[in-house]
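With mmCIF, C-alpha atoms inside, this is my_file_13.cif:
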```cif
data_entry
loop_
_atom_site.label_atom_id
_atom_site.label_comp_id
_atom_site.auth_asym_id
_atom_site.auth_seq_id
_atom_site.Cartn_x
_atom_site.Cartn_y
_atom_site.Cartn_z
CA MET A 1 13.04 -28.31 -29.40
CA GLN A 2 13.91 -27.62 -25.82
CA ARG A 3 11.26 -25.93 -23.81
CA THR A 4 11.65 -24.67 -20.32
CA TYR A 5 9.05 -25.58 -17.76
CA GLU A 6 8.55 -24.68 -14.16
CA LEU A 7 7.02 -27.41 -12.14
CA MET A 8 5.83 -26.51 -8.72
CA PHE A 9 4.48 -29.18 -6.50
CA ILE A 10 3.36 -29.48 -2.94
CA VAL A 11 4.30 -32.35 -0.73
CA ARG A 12 2.55 -33.28 2.45
CA PRO A 13 4.01 -31.53 5.46
CA ASP A 14 4.89 -34.62 7.41
CA MET A 15 7.19 -36.02 4.80
CA ALA A 16 10.68 -36.75 6.01
CA GLU A 17 13.67 -34.97 4.61
CA GLU A 18 15.31 -37.98 3.04
CA GLU A 19 12.12 -39.04 1.41
CA GLN A 20 11.92 -35.66 -0.22
CA ASP A 21 15.43 -36.09 -1.51
CA LYS A 22 14.56 -39.49 -2.83
CA LEU A 23 11.56 -38.14 -4.62
CA ILE A 24 13.56 -35.35 -6.19
CA SER A 25 16.32 -37.63 -7.34
CA ASN A 26 13.77 -40.02 -8.81
CA LEU A 27 12.29 -37.22 -10.81
CA GLU A 28 15.68 -36.05 -11.91
CA THR A 29 16.68 -39.43 -13.16
CA GLN A 30 13.41 -39.80 -14.95
CA VAL A 31 13.89 -36.51 -16.69
CA GLY A 32 17.47 -37.35 -17.54
CA ASN A 33 16.50 -40.69 -19.01
CA ALA A 34 13.89 -39.11 -21.16
CA GLY A 35 16.36 -36.70 -22.65
CA GLY A 36 15.71 -33.57 -20.67
CA SER A 37 17.64 -31.79 -18.01
CA VAL A 38 16.76 -30.42 -14.64
CA LYS A 39 18.12 -26.96 -14.25
CA SER A 40 17.33 -26.36 -10.62
CA VAL A 41 15.32 -27.63 -7.74
CA GLU A 42 14.32 -25.24 -5.06
CA ARG A 43 12.62 -26.01 -1.82
CA MET A 44 10.45 -23.21 -0.72
CA GLY A 45 9.75 -24.58 2.69
CA LYS A 46 6.60 -25.23 4.55
CA ARG A 47 3.79 -22.85 3.87
CA ARG A 48 0.25 -22.52 4.88
CA LEU A 49 -2.08 -23.43 2.08
CA ALA A 50 -4.75 -21.00 1.05
CA TYR A 51 -7.35 -23.75 1.22
CA THR A 52 -7.50 -27.29 2.43
CA VAL A 53 -6.07 -29.79 0.02
CA ARG A 54 -6.71 -33.43 0.80
CA ARG A 55 -7.30 -32.52 4.41
CA PHE A 56 -3.96 -30.77 4.79
CA ASP A 57 -3.56 -27.16 5.79
CA ASP A 58 0.20 -26.87 5.30
CA GLY A 59 2.50 -28.18 2.69
CA ILE A 60 6.10 -28.18 1.61
CA TYR A 61 6.51 -26.36 -1.66
CA MET A 62 9.08 -27.38 -4.22
CA LEU A 63 9.97 -25.81 -7.47
CA MET A 64 11.75 -27.60 -10.25
CA VAL A 65 12.87 -25.98 -13.45
CA LEU A 66 13.40 -28.41 -16.23
CA GLU A 67 14.16 -28.34 -19.88
CA GLY A 68 12.90 -30.81 -22.35
CA GLU A 69 10.14 -31.68 -24.70
CA GLY A 70 6.51 -31.78 -23.88
CA ALA A 71 6.38 -35.53 -23.55
CA ILE A 72 8.79 -35.41 -20.65
CA VAL A 73 6.48 -33.18 -18.71
CA LYS A 74 3.60 -35.49 -19.37
CA GLU A 75 5.55 -38.37 -17.92
CA VAL A 76 6.69 -36.46 -14.90
CA GLU A 77 3.19 -35.29 -14.20
CA ARG A 78 1.85 -38.78 -14.51
CA ARG A 79 4.36 -39.95 -12.00
CA LEU A 80 3.58 -37.12 -9.63
CA ARG A 81 -0.08 -37.88 -9.82
CA VAL A 82 0.61 -41.40 -8.69
CA THR A 83 3.04 -40.44 -5.96
CA GLU A 84 1.14 -40.42 -2.75
CA PRO A 85 2.84 -37.61 -0.80
CA VAL A 86 2.47 -35.11 -3.62
CA ILE A 87 -0.81 -33.35 -3.13
CA LYS A 88 -0.78 -30.71 -5.84
CA PHE A 89 1.30 -29.67 -8.78
CA ILE A 90 1.27 -27.19 -11.58
CA THR A 91 3.46 -26.95 -14.66
CA VAL A 92 4.02 -23.67 -16.37
CA ARG A 93 5.84 -23.22 -19.61
CA VAL A 94 8.25 -20.34 -19.28
CA ASP A 95 10.48 -20.21 -22.31
CA GLU A 96 8.22 -17.91 -24.29
CA GLU A 97 7.89 -15.60 -21.38
CA GLN A 98 11.61 -15.54 -20.84
CA LYS A 99 12.16 -14.74 -24.47
CA ARG A 100 9.77 -11.86 -24.25
CA LEU A 101 11.36 -10.53 -21.10
CA ALA A 102 14.80 -10.80 -22.61
CA LYS A 103 13.64 -8.88 -25.63
CA ILE A 104 12.19 -6.13 -23.50
CA LYS A 105 15.33 -5.98 -21.48
CA ALA A 106 17.46 -5.75 -24.59
CA ILE A 107 15.37 -2.93 -25.95
CA ARG A 108 15.55 -1.15 -22.68
CA ASP A 109 19.29 -1.56 -22.50
CA THR A 110 19.84 -0.12 -25.92
CA LYS A 111 17.53 2.73 -25.14
CA VAL A 112 19.36 3.56 -21.96
CA ARG A 113 22.62 3.34 -23.74
CA GLY A 114 21.39 5.71 -26.37
CA LYS A 115 20.37 8.28 -23.81
CA GLY A 116 23.13 8.20 -21.27
CA THR A 117 25.93 7.55 -23.65
CA ARG A 118 27.46 10.96 -23.65
CA ALA A 119 30.26 10.07 -21.34
CA ALA A 120 31.16 6.46 -20.98
CA GLU A 121 29.35 3.88 -22.97
CA ALA A 122 30.31 4.96 -26.43
CA ALA A 123 33.72 3.40 -25.98
CA ALA A 124 32.35 0.08 -24.82
CA VAL A 125 29.68 -0.39 -27.43
CA PRO A 126 31.41 -0.66 -30.77
CA ALA A 127 28.75 1.21 -32.68
CA VAL A 128 26.49 -1.81 -32.95
CA THR A 129 23.51 0.29 -32.13
CA PRO A 130 23.27 3.46 -34.10
CA GLU A 131 23.16 6.33 -31.71
CA PRO A 132 21.37 9.17 -33.32
CA ALA A 133 20.72 10.98 -30.08
CA ALA A 134 24.33 11.04 -29.04
CA ALA A 135 25.61 12.16 -32.38
CA PRO A 136 26.43 15.74 -31.51
CA GLY A 137 28.20 15.01 -28.26
CA ALA A 138 29.96 11.76 -28.12
CA GLU A 139 31.13 10.71 -31.50
CA SER A 140 34.67 11.78 -31.22
CA ALA A 141 35.39 12.55 -27.63
CA PRO A 142 35.71 9.23 -25.78
CA VAL A 143 36.38 7.29 -28.88
CA SER A 144 38.70 4.63 -27.56
CA ALA A 145 39.77 5.68 -24.15
CA MET B 1 -60.45 13.27 -18.83
CA ALA B 2 -57.46 15.21 -17.92
CA GLU B 3 -59.10 16.70 -14.92
CA GLU B 4 -60.21 13.37 -13.77
CA THR B 5 -56.73 12.00 -13.93
CA LYS B 6 -55.35 15.02 -12.23
CA THR B 7 -57.77 14.89 -9.40
CA ALA B 8 -57.49 11.18 -9.20
CA ALA B 9 -53.77 11.27 -8.99
CA PRO B 10 -53.35 12.92 -5.60
CA GLU B 11 -55.87 10.62 -4.09
CA THR B 12 -54.31 7.44 -5.25
CA SER B 13 -50.73 8.43 -5.50
CA VAL B 14 -48.59 6.92 -2.93
CA ALA B 15 -45.46 6.15 -4.83
CA THR B 16 -45.76 8.23 -7.94
CA THR B 17 -44.87 11.75 -7.10
CA GLU B 18 -44.38 13.29 -10.49
CA ALA B 19 -46.69 13.81 -13.36
CA PRO B 20 -48.11 10.66 -14.89
CA ALA B 21 -45.72 10.99 -17.79
CA ALA B 22 -42.62 10.36 -15.72
CA ARG B 23 -41.95 6.90 -14.60
CA PRO B 24 -39.89 6.35 -11.47
CA GLU B 25 -36.65 4.48 -11.76
CA GLY B 26 -35.91 1.25 -10.08
CA GLY B 27 -34.98 2.96 -6.87
CA PRO B 28 -34.62 6.42 -5.52
CA SER B 29 -30.96 6.86 -6.21
CA PRO B 30 -29.72 6.98 -9.78
CA ARG B 31 -31.53 9.43 -11.90
CA GLY B 32 -29.42 9.86 -14.98
CA PRO B 33 -26.84 7.26 -15.91
CA ARG B 34 -27.15 3.64 -15.12
CA PRO B 35 -25.78 2.63 -11.73
CA GLY B 36 -23.14 0.53 -13.42
CA GLY B 37 -20.80 3.43 -13.77
CA ARG B 38 -21.29 4.87 -10.35
CA PRO B 39 -19.28 2.73 -7.99
CA GLY B 40 -16.14 3.65 -9.84
CA GLY B 41 -14.42 4.86 -6.75
CA GLY B 42 -16.64 7.64 -5.61
CA PRO B 43 -16.05 11.01 -7.15
CA GLY B 44 -13.82 9.64 -9.85
CA GLY B 45 -17.02 9.49 -11.79
CA PRO B 46 -17.82 8.07 -15.19
CA ARG B 47 -17.93 9.90 -18.42
CA GLU B 48 -21.67 9.76 -18.85
CA GLY B 49 -24.29 11.81 -17.24
CA GLY B 50 -22.45 15.09 -17.38
CA ARG B 51 -20.41 14.49 -14.25
CA LYS B 52 -17.59 16.92 -14.30
CA PHE B 53 -15.38 15.17 -11.76
CA PHE B 54 -12.05 14.10 -13.01
CA ARG B 55 -10.87 10.63 -12.71
CA ARG B 56 -7.98 10.52 -10.33
CA LYS B 57 -5.42 9.91 -13.10
CA LYS B 58 -4.98 6.34 -12.05
CA VAL B 59 -1.84 4.91 -13.56
CA CYS B 60 -0.93 1.34 -14.12
CA LYS B 61 1.39 0.23 -11.40
CA PHE B 62 3.22 -2.16 -13.65
CA CYS B 63 3.81 0.37 -16.35
CA VAL B 64 5.13 2.92 -13.92
CA GLU B 65 7.47 0.69 -12.02
CA LYS B 66 8.32 -1.27 -15.13
CA ILE B 67 7.67 -4.61 -13.59
CA ASP B 68 7.91 -6.94 -16.50
CA GLY B 69 7.11 -10.52 -15.64
CA ILE B 70 4.18 -11.03 -13.36
CA ASN B 71 4.91 -14.32 -11.71
CA TYR B 72 2.42 -16.49 -9.99
CA LYS B 73 4.92 -17.03 -7.22
CA ASP B 74 5.08 -13.58 -5.69
CA VAL B 75 2.01 -13.69 -3.58
CA ARG B 76 2.63 -10.32 -2.06
CA LEU B 77 2.36 -8.53 -5.36
CA LEU B 78 -0.65 -10.50 -6.48
CA SER B 79 -2.53 -10.11 -3.25
CA GLN B 80 -2.62 -6.36 -3.75
CA PHE B 81 -5.01 -6.94 -6.60
CA VAL B 82 -7.18 -9.44 -4.87
CA ALA B 83 -10.09 -8.47 -2.68
CA GLU B 84 -10.76 -9.77 0.79
CA SER B 85 -13.12 -12.31 -0.59
CA GLY B 86 -10.44 -13.59 -2.93
CA LYS B 87 -11.95 -12.08 -6.04
CA ILE B 88 -9.79 -10.36 -8.62
CA VAL B 89 -10.28 -6.62 -8.42
CA PRO B 90 -11.47 -5.05 -11.68
CA ARG B 91 -9.08 -2.77 -13.43
CA ARG B 92 -11.27 0.26 -13.19
CA LEU B 93 -10.60 0.23 -9.49
CA THR B 94 -6.92 -0.51 -9.59
CA GLY B 95 -6.01 1.42 -12.70
CA VAL B 96 -4.03 -1.37 -14.28
CA CYS B 97 -3.76 -1.28 -18.03
CA THR B 98 -5.35 -4.02 -20.08
CA PRO B 99 -2.39 -6.20 -21.08
CA HIS B 100 -1.08 -6.16 -17.56
CA GLN B 101 -4.48 -6.90 -16.15
CA ARG B 102 -4.76 -9.91 -18.37
CA ARG B 103 -1.39 -11.25 -17.32
CA LEU B 104 -2.18 -10.48 -13.74
CA ALA B 105 -5.40 -12.42 -13.94
CA ASP B 106 -3.59 -15.38 -15.42
CA ALA B 107 -1.01 -15.28 -12.68
CA ILE B 108 -3.67 -15.07 -10.01
CA LYS B 109 -5.46 -18.04 -11.47
CA GLN B 110 -2.25 -20.04 -11.53
CA ALA B 111 -1.54 -19.08 -7.95
CA ARG B 112 -5.01 -20.16 -6.97
CA ASN B 113 -4.45 -23.52 -8.53
CA ILE B 114 -1.32 -24.12 -6.50
CA ALA B 115 -2.98 -22.97 -3.28
CA LEU B 116 -1.00 -19.78 -2.91
CA LEU B 117 -4.15 -17.71 -3.16
CA PRO B 118 -7.62 -18.76 -2.18
CA PHE B 119 -10.42 -19.28 -4.61
CA GLY B 120 -12.91 -17.76 -2.24
CA GLY B 121 -12.72 -16.61 1.31
CA ARG B 122 -15.22 -15.02 3.64
#
```

Once more with this new file: its structure as structure tokens, please.
Amino acid sequence: MQRTYELMFIVRPDMAEEEQDKLISNLETQVGNAGGSVKSVERMGKRRLAYTVRRFDDGIYMLMVLEGEGAIVKEVERRLRVTEPVIKFITVRVDEEQKRLAKIKAIRDTKVRGKGTRAAEAAAVPAVTPEPAAAPGAESAPVSA
Amino acid sequence: MAEETKTAAPETSVATTEAPAARPEGGPSPRGPRPGGRPGGGPGGPREGGRKFFRRKKVCKFCVEKIDGINYKDVRLLSQFVAESGKIVPRRLTGVCTPHQRRLADAIKQARNIALLPFGGR
């Protein structure tokens, strides 16, 4: 059961570049060993924090998208908690949300196709979606152009 | 008895202006409906009390622009719904519909936890 998580963490602003890379690769190997996969790691740069965290006012934000089971996240979080330069982290589960968004998008695509299908789309879509609205106009005209 | 009360009233009345039957409200201002509905954006008044002003047809920004996923990461979008003090603005002021307001509130709380938005400011 592969779930997708977004893990955003903040690293202290005076951390060196190579140490950041080391940290990221450590996390990646840990995730890989546990049977998950890291889909992407994004560095969002140094930002000003909205409030003081552990006496820091800035921090380097990093975002990691990973796939795996829940136990993997627990391990990664435990490790992040222990890692000294990491000052804050949050994990959000995103696969349900992505599913919902994909469903909405699919519905919206079929709806748009149903409306604007007079001219072009009827050829491309092989009548998977029944098109009651376009029945009078487009059934025969651009049938396989 | 009645005359006594009537003559006594103007002598002793400092605060009570009306007849002894009427009791003054908590303050001078709201006479009819409770003040809870009043600060709904000025003349976009509430339904009670016989106010005939129309609400300004506030529409939900997310429904109109069809923004689907409200992410905790886009601080610019979220900060439009956050007051100066950092509090989440109620939906009767912003016009957001209920499901979107709920998701918005969750996103704001997540952003607060990761120090993208403050918990409380001035």

The PyMOL selection byres ((chain A) within 12 of (chain B)) applied to the shown file, residues as a PyMOL selection string: chain A and resi 6-11+44+46-54+56-63+86-94+96-105+108

Centre and edge lengths of an axis-aligned box around all listed atoms of stretch 8-19 of chain A, with 8 Å added on each side, are to be given in Å to one decimal, as lines of an AutoDock Vina configuration file.
```
center_x = 8.9
center_y = -32.8
center_z = -0.7
size_x = 28.8
size_y = 28.5
size_z = 32.1
```

Straight-line distance linking atom CA of B:Val75 with atom CA of A:Asp14, stated in Å to one decimal: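 Here the two named atoms are 23.8 Å from each other.
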
Spatial neighbours of A:Leu66, max dist 12 Å, all atoms listed in the file, sep filter under 4 positions, as a PyMOL selection string: chain A and resi 2-8+27-32+34-42+70+72-73+76+91-95

Quick one: write out the picked residues with C-alpha atoms as an mmCIF file, keeping the file's coordinate frame?
```
data_model
loop_
_atom_site.group_PDB
_atom_site.id
_atom_site.type_symbol
_atom_site.label_atom_id
_atom_site.label_comp_id
_atom_site.auth_asym_id
_atom_site.auth_seq_id
_atom_site.Cartn_x
_atom_site.Cartn_y
_atom_site.Cartn_z
ATOM 1 C CA GLN A 2 13.910 -27.620 -25.820
ATOM 2 C CA ARG A 3 11.260 -25.930 -23.810
ATOM 3 C CA THR A 4 11.650 -24.670 -20.320
ATOM 4 C CA TYR A 5 9.050 -25.580 -17.760
ATOM 5 C CA GLU A 6 8.550 -24.680 -14.160
ATOM 6 C CA LEU A 7 7.020 -27.410 -12.140
ATOM 7 C CA MET A 8 5.830 -26.510 -8.720
ATOM 8 C CA LEU A 27 12.290 -37.220 -10.810
ATOM 9 C CA GLU A 28 15.680 -36.050 -11.910
ATOM 10 C CA THR A 29 16.680 -39.430 -13.160
ATOM 11 C CA GLN A 30 13.410 -39.800 -14.950
ATOM 12 C CA VAL A 31 13.890 -36.510 -16.690
ATOM 13 C CA GLY A 32 17.470 -37.350 -17.540
ATOM 14 C CA ALA A 34 13.890 -39.110 -21.160
ATOM 15 C CA GLY A 35 16.360 -36.700 -22.650
ATOM 16 C CA GLY A 36 15.710 -33.570 -20.670
ATOM 17 C CA SER A 37 17.640 -31.790 -18.010
ATOM 18 C CA VAL A 38 16.760 -30.420 -14.640
ATOM 19 C CA LYS A 39 18.120 -26.960 -14.250
ATOM 20 C CA SER A 40 17.330 -26.360 -10.620
ATOM 21 C CA VAL A 41 15.320 -27.630 -7.740
ATOM 22 C CA GLU A 42 14.320 -25.240 -5.060
ATOM 23 C CA GLY A 70 6.510 -31.780 -23.880
ATOM 24 C CA ILE A 72 8.790 -35.410 -20.650
ATOM 25 C CA VAL A 73 6.480 -33.180 -18.710
ATOM 26 C CA VAL A 76 6.690 -36.460 -14.900
ATOM 27 C CA THR A 91 3.460 -26.950 -14.660
ATOM 28 C CA VAL A 92 4.020 -23.670 -16.370
ATOM 29 C CA ARG A 93 5.840 -23.220 -19.610
ATOM 30 C CA VAL A 94 8.250 -20.340 -19.280
ATOM 31 C CA ASP A 95 10.480 -20.210 -22.310
#
```

Length of the atom CA of B:Asn71 to atom CA of B:Gln101 vector [Å]: 12.8 Å

Pairwise distance for atom CA of A:Glu77 and atom CA of A:Pro13, rounded to one decimal in Å: 20.0 Å

Residues selected by the PyMOL selection byres ((chain B and resi 104) around 9), written as a VMD selection string: chain B and resid 70 to 72 78 81 99 to 103 105 to 109
